[in-house]
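> Pasting a structure here, questions to come.
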Amino acid sequence: MNVLDWLDLGVLKGYEGLEVAPIQSLEDRGTRHKVGPEPPNMRRGSIDRHLAKGQGVCYPLGLTMFCYVLEIAWQVLCLPRELEVGLNWGSRLSVTSPLREILRGLTEPVSVPHNQQYTPPLDDNADSFQLDWDAIDHDQLYLPSAHDEMLTMMTSNLATWLANGDDLIASDGEESDSHQELPEDDFNPATPARSSMPTSAYSQLHVFLWGLSVLGVDSVPSTRTLKDLDNSLQSQYGVPSIRYQGSLGHVYYVNHLPSLITQEMANPCIRIHIRHYPEDAGGRLDQPWQASRWLHEIDASIATPMIRRGQQDFYVFELTKLTDGTVVIPERWYTKPSLRNSTSPFDLEYWAHAWRTQPIASGDASGYIIHRYDTVEVTANQLLLSFPHLLQTYREDREPDPRNIIGLIETRGHGVLPWTLTNPTIGNRWHARARGHRVLSYMIWLYCDDMSGNTSKKWNKHNSFLFTAAGLPHTMVHKECNIHFLATSNIAPPLEMLDGVVDQLERAQMQGIWAWDVTAREMVLIIPGVLAMLGDNPMQSELACHIGLQGKFFCHNCWVKGVDLHTACERADGVVMDPDRDDAASSAKSPSRLAESDEGSAQEDIVHRLKGKGRRSETMQDLLDRARRFLGTNTPRTRIDTTEKLRSMFLEVTSGLGKVRYAKMKTETGIKDTYMDVFVERIFKLVKGLHAGTDKHTEAVNAVTQGCPVEQFMSPVWRIKGLDLHQDTPVEILHVILLGFVKYFWHDAMSRLNEVQKAELQVRLASFDVTGLGIPPLAGHTLVQYAGSLTGRDFRAISQAAPFVLHDLVPRPCFEAFLALSALIPLVWKPCIENIEEHLATLQVAIDHFLNCTARWTPWWFNKPKFHILRHLPDHIRRFGPAILFATEGFESYNAVIRDHSIHSNRQAPSRDIARGMARCHRIHHFLSGGKFHAREPMSTDLPYSNNEYEWLACGSAVQSLVNVNVPGHHNMIADFFGLNSDAVPLEAGSCIHDKLRPQTLNKTNMASRTCRSVVALNGEVCHTGDFVLAQDSEAPRALPIIGCLSEILQISSSLLLKTFRVVGSSSVYLMPQIQPSGWAVLPPMALLCGVNIQHNCAGNGCTGTATVPVYEERERTMKSQQRIGHRNLSDFILNTAQMRDASHVQQFRIQAHQLDRDWAIHMGAAAKLDAQKLKAQKLSKSNAARKPTANPTPVPSHFINVCHRTDA
C-alpha cells in the first residue's frame, strides 16, 4: 500500500468540510471491483460517528494546500535559528520533517501481520459474485493492518482534537474553560463555526492547527486567539464596513472607499504605477489619462489642482506670475513627453492650460480682469511666483493686489461677470487645507452589475459595486488583485446602494483623503473622482435613468427613435411592446433589467406582426425610414436635460398628475428613474381617490416629501460631481460585440445549415490552425452542436476563424457581413493607438462597412439596439482611450470571488458578511504586499494623519516570507492567490529556449549541445521553429514588417533564419492578403516582433476533408480516425488579418473593402426580406389550400352561442 492508496481512502469535497469513507482493504488500485452493496453500518448517516470512533479515514479539503502549508511551517518554524541565515531551499531538503517521515513510511512496503489473512483481488470475470454482508463476521473482515492502525490513530487524534476544541492547544499557557462535552451521537466535525468566517476557512484553520500540533510545534495559538487577533487587526488596520439604512428601506453595507484608496497609496507594488495628471501624448492613445475626458473635460474641482516646483506650490484658479512678467491663472495641469535630454518616453514635463489676465491699476478699481477666452499653454519652467509669493512682492513690483479679482470675461466683446471659482482673498481652498502637502486626484472606474450568489442554476440576484484605479496602465487595471469591492446586496436595488457610495464620495471630495504616499514618503491629500461608470447595457440604462432597451427611445446616449406608438402598444411603465407578443405579460415583471440575450426583442417583434385594430403593418417605406434613423446621427442626451425632465415629472406628480399620464411622460421622454419611481408609487398609493388641490391631497403628498427638495428623491447618480451618465457610460464591447453580433450571426449561420453542412463545418473548425492566436485548438463539435451555450471566449475564437470556415456554407450577403465583422473586431481590441485621428477614421469606415453589409443582408437586424450602440464607440474611444480599458471582462470574472463568499456564508446577512470578508482579504493582501499602515481607533472611519515616516509600519520579513518562500516542487499558492508572485518575470525579448531548459540570451547558447527550439519575440510571445512570425528589418524601420516562417535558430551566429513571404494580392473570397514564398532572410533575434496567424487558401484551391487523424481517448491512441482538411498547393497562404493579438502590427496589412452605398444596401436588404416573406406566405397558402376541407362541420350547440353578441345590419 503506497501513499496514493492512502490518499484514495477518503472522499474530497472541495469547500464542504470533512468527509470520511470506509476503508476497503479488498480494493486494488489498478482494477477496482464492486464487492456487493455497502455495509449497512458504514452508510453516510453514521459517517461522523465512525470518524469519532476511528473507523474511517478523514480526508481534509485542499490536501495539496494543506501539505504545502505544513511543509512551509516545518521548514520555517522548526529549523534551528543558525540554519536560517544564508540557507537556500536546496540545502533545506536534507532536513526531514515529521510530515515527510509519515508520508515516506506510508510508501514503504510492510509485511502482513500474522493475525491478518491476505485476500487476493477478485477476478475480473467473476461478475456473478455477490458478497452477503449479513453472513460475514465484520470484526474479522476489518482487522486493521499496520497502515490502517497508523491512519486510524491519526484520524482519531484529529477527531478528538476537533471535538475538544481549544483545550488541547491552549495558547500563552492559559487553559480554556469554555470546552463543553458533546454527546457522541451529536458530534459533527463538519459543523460550520458560528462566525462570519466561511465554513471552509473555519475547517481549514482547524486542520492547519492540528497539523502544527502533529509536527510538534510549540506555542501554537488556539482558534479563539487567532480569531480575536484577526478581529483586532481588522478593526485597527483594516477597511471598515459601514452600515446604511437606505432611503428605500433596505439595510446594506459599503466598504469604506477612503480606506481602500489610502491602502493603495501606501502599497509599494501599486503606488508607483498610479498616475494623477492627464497627458497630452501628441496623438498617441493607449492610456485613459491621454484621452479627451481626463485631459480636457474633467471637472476642474476634482482634477489635480497643483504642481510643486522647487519650494513653491502652484494651484489652479490662483494668480501666477511667469518669468516674462505676465500674470495668468492656470485652469488645469497636464503633462507632455519631455523632448529635452529624454531617454525614455516616460520622462514627462508639466504644463498648464492658463487664462490671460488684464491688470487694472486705476485707483479704487485696482485688480485683475480674467479673460477666459484668451488661453495660453505654459510650461512649468515659465512659472516664477505662486500666489503666496505674489502677495509678498506685488507692492515692490508696483502691481495690483492679486487678491482683488474684478471679474471674468467669458467671450470677447461681452461684459464682465463676477468671479465665483474661488475666494480671491485666500486663493484655492485646497491650498489652505493641504497644510503644505501635495494634493492629488485619484480617478476610478466605477462598475455595477448583477450576478447570482448561487453556484446552481437557481437565480439569487446580487447587485454589486466594484472599482479599480483609472490611473493604472491598461496592463494592470483589470487584474483581479487591483479590483476592489465596495458593496453588494440581494435585496437593495443598485441605485439605493449607490446612495451610500456617493455619500462617501461627496464627503471625500469636500474634505479630501489623507494618505501616506509610500514613494514620496510623505502625507498627501487625495481627491477622488469617477472617470466613468461601467456595466452591461441594461445596467447602464438603469444608472442613466433611461427607460431601457425596449423603449421607443432605446439608446441612453442619444435620442434615436425606434418603433412609434402608432405601430405598437405601451405598457404601464412606459415600455413600447407588441400587443401580440405571448410574453408581453411575463416580461412586465422586470422591465428595467432585461437579460443581455433578450435585448431588443420588443423592437424585433414589432415588424409585420401587428394585427390590432387601428394599427397597420410596417411598410417598405417605414422599414427604410426606421433603418435610416437607426444608422443616422442623432442628438446626444445631456445631464442637464435629463435632470430637468425628472424634476418636472416629479413636480407634476405632486401636483396631481395621474399614473397613466406619468407613464406616458416616461415613454415620450425615454427617461425612467427607478429610484424616484419608488417615491412616486408611494404618492400614488396615498392620493388614490383624492382630488388634486385639496387639503387631503396636499397632506398625503407631504407625508412622502416631508418638505425635502426634489433632488433628494432623484437618483443619487446625479450627485456624482463631473459625471454625465449619458456620455460617461462607454460602450461595453464584451456584450455588444462578442456576446452580441458574433453570437447573433453564429446562431443564424447554424440555423441555416443542414446536417451534412454542419459535419463539414466541424471538420473545418477542427482543422483550423490556431498558431499565433493565443487560443487552444477549436472543438468543432462543441462550437456547432452547442452553439446556444457558448461563452465570450468561444465567440472570440469564432470571430477569428469564421472567414475561413463559413465560405460556401452560408449565403454571400451573410458571409460578407461575417467578413466585415471579423475585420472590425481587431480594430476595436487594439490596445495601443499610435495616431488617434487615423485610427478613428479607419474604425469609422469599418463600422459603417459592417452596418452596410448587415443592412444589405437584412435590415431586420436593426431591431436589436446593439447595432446602433456600436455607432457611439469611436466617440467613447476618443473620450476614454482604447476600448479594452473600459471592457468588463475583469469585473465579470470578479463575480466569482463574490459568489464564493456568498456560498460559504450562512446567508443570513449577505451584504454585511461579504463586505467584511472582502475587507479582510484586502487587508491581508495589503500586509503581504509590504504596504504601510498606521493604527487608528477601532472601526473608525477617521483616517490617521502622521507625517512621521517611523509611525507608518509594515509587516516584518517573517510575514512577507510567505510570498517569497519557494518549496521545491510546489507553486507558492499564497503568492499566486493574492497576485504577488514575483517569480513570474516576463521572458527577455530575444532570449532562446532549449528543450526543458531555462531561456538564455541567444549569444550565450552557441556552445550548448542542444539546439534551440524557440525564441522570445519583442511582445513576450514564445515563437517555435515552424511558426509564422513578423519581423522588422533594422535597415528599413519604416517599411512593412517581414512575413516569415521561423525555419531555424542559428546559435553560432546568434541569428534567426526565416523563410520569407510576400503579399501577391488580395483573396477575393476572404478579402485578406494572399502571400507566397519569396526567399530567405537572416535577422537578429531582436528583430522578431510577434507571431502571426497564417491560413491555407482552401477556398482558392478547393481543399476538402480528405485527410484523417487518429482519435485519442483517455490519452490513448485508438483505431478510430477523424476527418481533416487535406490541403492542395501548400505554398498558397492567407494572412489572417482577423487576428486580435498584436493588431498594431498585423493591421498594417489590412485590405480595404469596397464600401457599399448605405441607401442602396438598406433598400436591397429590405426588398430581399419582403420578397422572402411573400414567397413564404405563398407557400403557406398553397399548403393550406391543398388540405382537404371538412365536408360537414359539426354545428355549434345553441347553449354555447353568446346571447349578448349581435351583428350590425
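Identifiers in the C-alpha cells: chain A, B, ... in order shown; residue index from 1 per chain; ligand index from 1 in order shown.
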Restrict the calculation to only C-alpha atoms, then for each residue of range 740-859 of chain A with any atom at most 6 Å from an atom of range 1162-1181 of chain A give the closest atom pair and their distance in Å to one decimal, rows by chain and rising residue number, as a tab-separated table.

```
residue	atom	partner	partner_atom	distance
A:Ala855	CA	A:Ile1162	CA	5.0
A:Arg856	CA	A:Gly1165	CA	4.3
A:Trp857	CA	A:Gly1165	CA	5.3
A:Thr858	CA	A:Gly1165	CA	4.5
A:Pro859	CA	A:Gly1165	CA	6.0
```
> Skipping near chain neighbours, those fewer than 3 positions away, what residues fall within 9 Å of range 670-675 of chain A using only C-alpha atoms, listed as a PyMOL selection string?
chain A and resi 248+493+495-496+542-548+551-556+559+573-575+592+642+645-646+665-667+678-679+713-716
> Write out as a ChimeraX atom specification the residues lying within 12 Å of Ile683 in chain A, counting only C-alpha atoms and excluding same-chain residues fewer than 6 positions away.
/A:650-659,676-677,689-690,692,697-706,713
> Could you dump the residues just selected with N, CA, C and O atoms as a short mmCIF file (atom, residue, chain, number, x, y, z; two decimals), in the first residue's frame?

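Just written: result-v4.cif:
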```cif
data_model
loop_
_atom_site.label_atom_id
_atom_site.label_comp_id
_atom_site.auth_asym_id
_atom_site.auth_seq_id
_atom_site.Cartn_x
_atom_site.Cartn_y
_atom_site.Cartn_z
N PHE A 650 -41.54 64.86 -11.43
CA PHE A 650 -41.86 64.67 -10.02
C PHE A 650 -42.77 65.78 -9.51
O PHE A 650 -43.71 65.52 -8.74
N LEU A 651 -42.51 66.99 -9.94
CA LEU A 651 -43.35 68.11 -9.50
C LEU A 651 -44.78 67.95 -10.03
O LEU A 651 -45.74 68.29 -9.32
N GLU A 652 -44.94 67.46 -11.24
CA GLU A 652 -46.28 67.26 -11.77
C GLU A 652 -47.00 66.14 -11.02
O GLU A 652 -48.22 66.19 -10.84
N VAL A 653 -46.26 65.12 -10.60
CA VAL A 653 -46.89 64.06 -9.81
C VAL A 653 -47.38 64.62 -8.47
O VAL A 653 -48.49 64.31 -8.03
N THR A 654 -46.59 65.45 -7.84
CA THR A 654 -47.02 66.04 -6.57
C THR A 654 -48.16 67.02 -6.75
O THR A 654 -48.89 67.31 -5.80
N SER A 655 -48.32 67.51 -8.00
CA SER A 655 -49.40 68.46 -8.26
C SER A 655 -50.69 67.78 -8.69
O SER A 655 -51.69 68.47 -8.94
N GLY A 656 -50.67 66.45 -8.81
CA GLY A 656 -51.90 65.74 -9.15
C GLY A 656 -51.85 64.98 -10.45
O GLY A 656 -52.89 64.50 -10.92
N LEU A 657 -50.67 64.82 -11.06
CA LEU A 657 -50.56 64.06 -12.30
C LEU A 657 -50.90 62.60 -12.06
O LEU A 657 -50.45 62.00 -11.08
N GLY A 658 -51.71 62.01 -12.96
CA GLY A 658 -52.14 60.64 -12.80
C GLY A 658 -51.08 59.63 -13.22
O GLY A 658 -50.08 59.97 -13.86
N LYS A 659 -51.33 58.38 -12.86
CA LYS A 659 -50.36 57.32 -13.14
C LYS A 659 -50.23 57.08 -14.64
O LYS A 659 -49.13 56.84 -15.15
N MET A 676 -36.58 57.20 -8.21
CA MET A 676 -37.68 58.13 -8.00
C MET A 676 -39.02 57.44 -8.11
O MET A 676 -40.00 57.86 -7.48
N ASP A 677 -39.09 56.37 -8.90
CA ASP A 677 -40.37 55.68 -9.07
C ASP A 677 -40.90 55.13 -7.75
O ASP A 677 -42.12 55.02 -7.57
N GLY A 689 -57.90 58.16 -4.93
CA GLY A 689 -59.25 58.57 -4.56
C GLY A 689 -59.36 60.00 -4.09
O GLY A 689 -60.47 60.44 -3.77
N LEU A 690 -58.24 60.74 -4.02
CA LEU A 690 -58.26 62.13 -3.57
C LEU A 690 -58.15 63.06 -4.77
O LEU A 690 -57.46 62.75 -5.74
N ALA A 692 -56.91 66.39 -6.70
CA ALA A 692 -55.74 67.26 -6.65
C ALA A 692 -56.14 68.66 -6.20
O ALA A 692 -57.21 69.17 -6.57
N HIS A 697 -55.19 65.89 -0.26
CA HIS A 697 -54.20 65.53 -1.28
C HIS A 697 -52.85 66.12 -0.92
O HIS A 697 -51.80 65.45 -1.02
N THR A 698 -52.84 67.36 -0.48
CA THR A 698 -51.58 68.01 -0.10
C THR A 698 -50.95 67.32 1.10
O THR A 698 -49.73 67.12 1.16
N GLU A 699 -51.78 66.93 2.08
CA GLU A 699 -51.24 66.23 3.25
C GLU A 699 -50.65 64.88 2.86
O GLU A 699 -49.61 64.46 3.38
N ALA A 700 -51.31 64.20 1.94
CA ALA A 700 -50.80 62.90 1.50
C ALA A 700 -49.45 63.04 0.79
O ALA A 700 -48.53 62.23 1.00
N VAL A 701 -49.33 64.06 -0.04
CA VAL A 701 -48.07 64.29 -0.74
C VAL A 701 -46.98 64.69 0.25
O VAL A 701 -45.84 64.21 0.17
N ASN A 702 -47.32 65.54 1.20
CA ASN A 702 -46.32 65.98 2.19
C ASN A 702 -45.87 64.84 3.10
O ASN A 702 -44.76 64.87 3.63
N ALA A 703 -46.72 63.83 3.26
CA ALA A 703 -46.32 62.68 4.07
C ALA A 703 -45.15 61.94 3.43
O ALA A 703 -44.36 61.28 4.13
N VAL A 704 -45.01 62.05 2.11
CA VAL A 704 -43.89 61.41 1.41
C VAL A 704 -42.73 62.38 1.26
O VAL A 704 -41.58 62.04 1.55
N THR A 705 -43.02 63.59 0.79
CA THR A 705 -41.93 64.54 0.52
C THR A 705 -41.37 65.17 1.78
O THR A 705 -40.16 65.45 1.85
N GLN A 706 -42.20 65.41 2.80
CA GLN A 706 -41.77 65.98 4.07
C GLN A 706 -40.95 67.26 3.89
O GLN A 706 -40.01 67.51 4.62
N PHE A 713 -35.18 63.07 -4.02
CA PHE A 713 -35.96 61.92 -4.49
C PHE A 713 -35.49 61.44 -5.85
O PHE A 713 -36.03 60.45 -6.37
#
```
> If you take only C-alpha atoms and a cut-off of 12 Å, which residues of range 1139-1177 of chain A touch range 1088-1109 of chain A, and what are their nearest atom pairs and distances in Å to one decimal, in chain and number order, as JSON lines?

```
{"residue": "A:Gln1139", "atom": "CA", "partner": "A:Asn1093", "partner_atom": "CA", "distance": 6.9}
{"residue": "A:Met1140", "atom": "CA", "partner": "A:Asn1093", "partner_atom": "CA", "distance": 10.0}
{"residue": "A:Arg1141", "atom": "CA", "partner": "A:Val1092", "partner_atom": "CA", "distance": 8.5}
{"residue": "A:Asp1142", "atom": "CA", "partner": "A:Cys1090", "partner_atom": "CA", "distance": 7.1}
{"residue": "A:Ala1143", "atom": "CA", "partner": "A:Val1092", "partner_atom": "CA", "distance": 9.9}
{"residue": "A:Ser1144", "atom": "CA", "partner": "A:Cys1090", "partner_atom": "CA", "distance": 10.5}
{"residue": "A:His1145", "atom": "CA", "partner": "A:Leu1089", "partner_atom": "CA", "distance": 8.1}
{"residue": "A:Val1146", "atom": "CA", "partner": "A:Val1092", "partner_atom": "CA", "distance": 7.5}
{"residue": "A:Gln1147", "atom": "CA", "partner": "A:Val1092", "partner_atom": "CA", "distance": 11.1}
{"residue": "A:Phe1149", "atom": "CA", "partner": "A:Val1092", "partner_atom": "CA", "distance": 11.6}
```
> What is the CA of Pro268 in chain A to CA of His926 in chain A distance in Å?
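Distance between the two atoms: 9.6 Å.
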> Please tabulate, as JSON lines, the residues of range 332-437 of chain A that come within 9 Å of range 510-513 of chain A, each with its closest pair of atoms and the distance in Å to one decimal, counting only C-alpha atoms and ordering rows by chain, then residue number upward.

```
{"residue": "A:Trp430", "atom": "CA", "partner": "A:Gly512", "partner_atom": "CA", "distance": 8.7}
{"residue": "A:Arg433", "atom": "CA", "partner": "A:Gln511", "partner_atom": "CA", "distance": 8.2}
{"residue": "A:Ala434", "atom": "CA", "partner": "A:Gly512", "partner_atom": "CA", "distance": 8.9}
```
> Okay, now the selection with N, CA, C and O atoms, as a PDB file, in the first residue's frame?

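Ended up saving to out_26.pdb:
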```pdb
ATOM      1  N   TRP A 430      -8.009  74.312  -1.486  1.00  0.00           N
ATOM      2  CA  TRP A 430      -7.126  73.191  -1.210  1.00  0.00           C
ATOM      3  C   TRP A 430      -5.758  73.665  -0.743  1.00  0.00           C
ATOM      4  O   TRP A 430      -5.029  72.900  -0.095  1.00  0.00           O
ATOM      5  N   ARG A 433      -6.112  73.849   3.004  1.00  0.00           N
ATOM      6  CA  ARG A 433      -6.416  72.554   3.595  1.00  0.00           C
ATOM      7  C   ARG A 433      -5.238  71.593   3.502  1.00  0.00           C
ATOM      8  O   ARG A 433      -5.105  70.672   4.321  1.00  0.00           O
ATOM      9  N   ALA A 434      -4.351  71.767   2.526  1.00  0.00           N
ATOM     10  CA  ALA A 434      -3.258  70.814   2.306  1.00  0.00           C
ATOM     11  C   ALA A 434      -2.154  70.926   3.345  1.00  0.00           C
ATOM     12  O   ALA A 434      -1.330  70.021   3.445  1.00  0.00           O
TER      13      ALA A 434
END
```
> I'd like the interatomic distance between CA of Thr411 in chain A and CA of Pro359 in chain A, to a tenth of an Å.
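Between CA of Thr411 in chain A and CA of Pro359 in chain A the gap is 17.7 Å.
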> Counting only C-alpha atoms, figure out which residue out of A:Gln1148, A:Asn1136, A:Gly1020, A:Leu843 gets nearest to Trp829 in chain A.
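Distance minimum relative to Trp829 in chain A lands on A:Leu843.
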> For a test of reading the model, state the distance in Å between CA of Gly956 in chain A and CA of Phe933 in chain A, rounded to one decimal.
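Spanning CA of Gly956 in chain A to CA of Phe933 in chain A is a straight-line distance of 12.4 Å.
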> Please report, as an NGL selection string, each residue of range 833-1034 of chain A to which DSSP assigns alpha helix (DSSP H) when run on this structure's backbone.
:A and (836-857 or 866-869 or 873-880 or 889-903 or 910-928 or 957-964 or 973-977)
> So that I can see what lies close to Asp1033 in chain A, please list as a PyMOL selection string the residues with an atom at most 7 Å from it, counting only C-alpha atoms and leaving out residues fewer than 3 positions away in the same chain.
chain A and resi 1036-1037+1087
> Residues of range 854-936 of chain A within 10 Å of range 445-465 of chain A: nearest atom pair and distance (Å, one decimal) for each, counting only C-alpha atoms, sorted by chain and number, as CSV?

```
residue,atom,partner,partner_atom,distance
A:Leu885,CA,A:Trp445,CA,9.5
A:Phe886,CA,A:Trp445,CA,8.0
A:Thr888,CA,A:Tyr447,CA,8.4
A:Phe891,CA,A:Tyr447,CA,7.6
A:Glu892,CA,A:Asp449,CA,8.3
A:Asn895,CA,A:Met451,CA,6.7
A:Ala896,CA,A:Met451,CA,8.9
A:Ile898,CA,A:Gly453,CA,7.5
A:Arg899,CA,A:Gly453,CA,4.8
A:Asp900,CA,A:Gly453,CA,7.9
A:His901,CA,A:Gly453,CA,8.6
A:Ser902,CA,A:Gly453,CA,5.6
A:Ile903,CA,A:Asn454,CA,6.3
A:Arg907,CA,A:Gly453,CA,9.5
A:Pro910,CA,A:His462,CA,9.2
A:Ser911,CA,A:His462,CA,9.0
```
> Taking the backbone alone, and naming residues the way the document does, which bits of range 404-543 of chain A are strand (DSSP E or B) by DSSP, as a PyMOL selection string?
chain A and resi 405-409+417+423+427+438-452+461-469+484-489+513-517+522-534
> Within 6 Å of range 723-731 of chain A, counting only C-alpha atoms, which residues show up once you throw out same-chain ones fewer than 3 positions away? Write them as a list in words, please.
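Contacts, with the query itself left out: Ala532, Met533, Leu534, Ala544, His556, Asn557, Arg639, Ile720, Leu873 and His876 of chain A.
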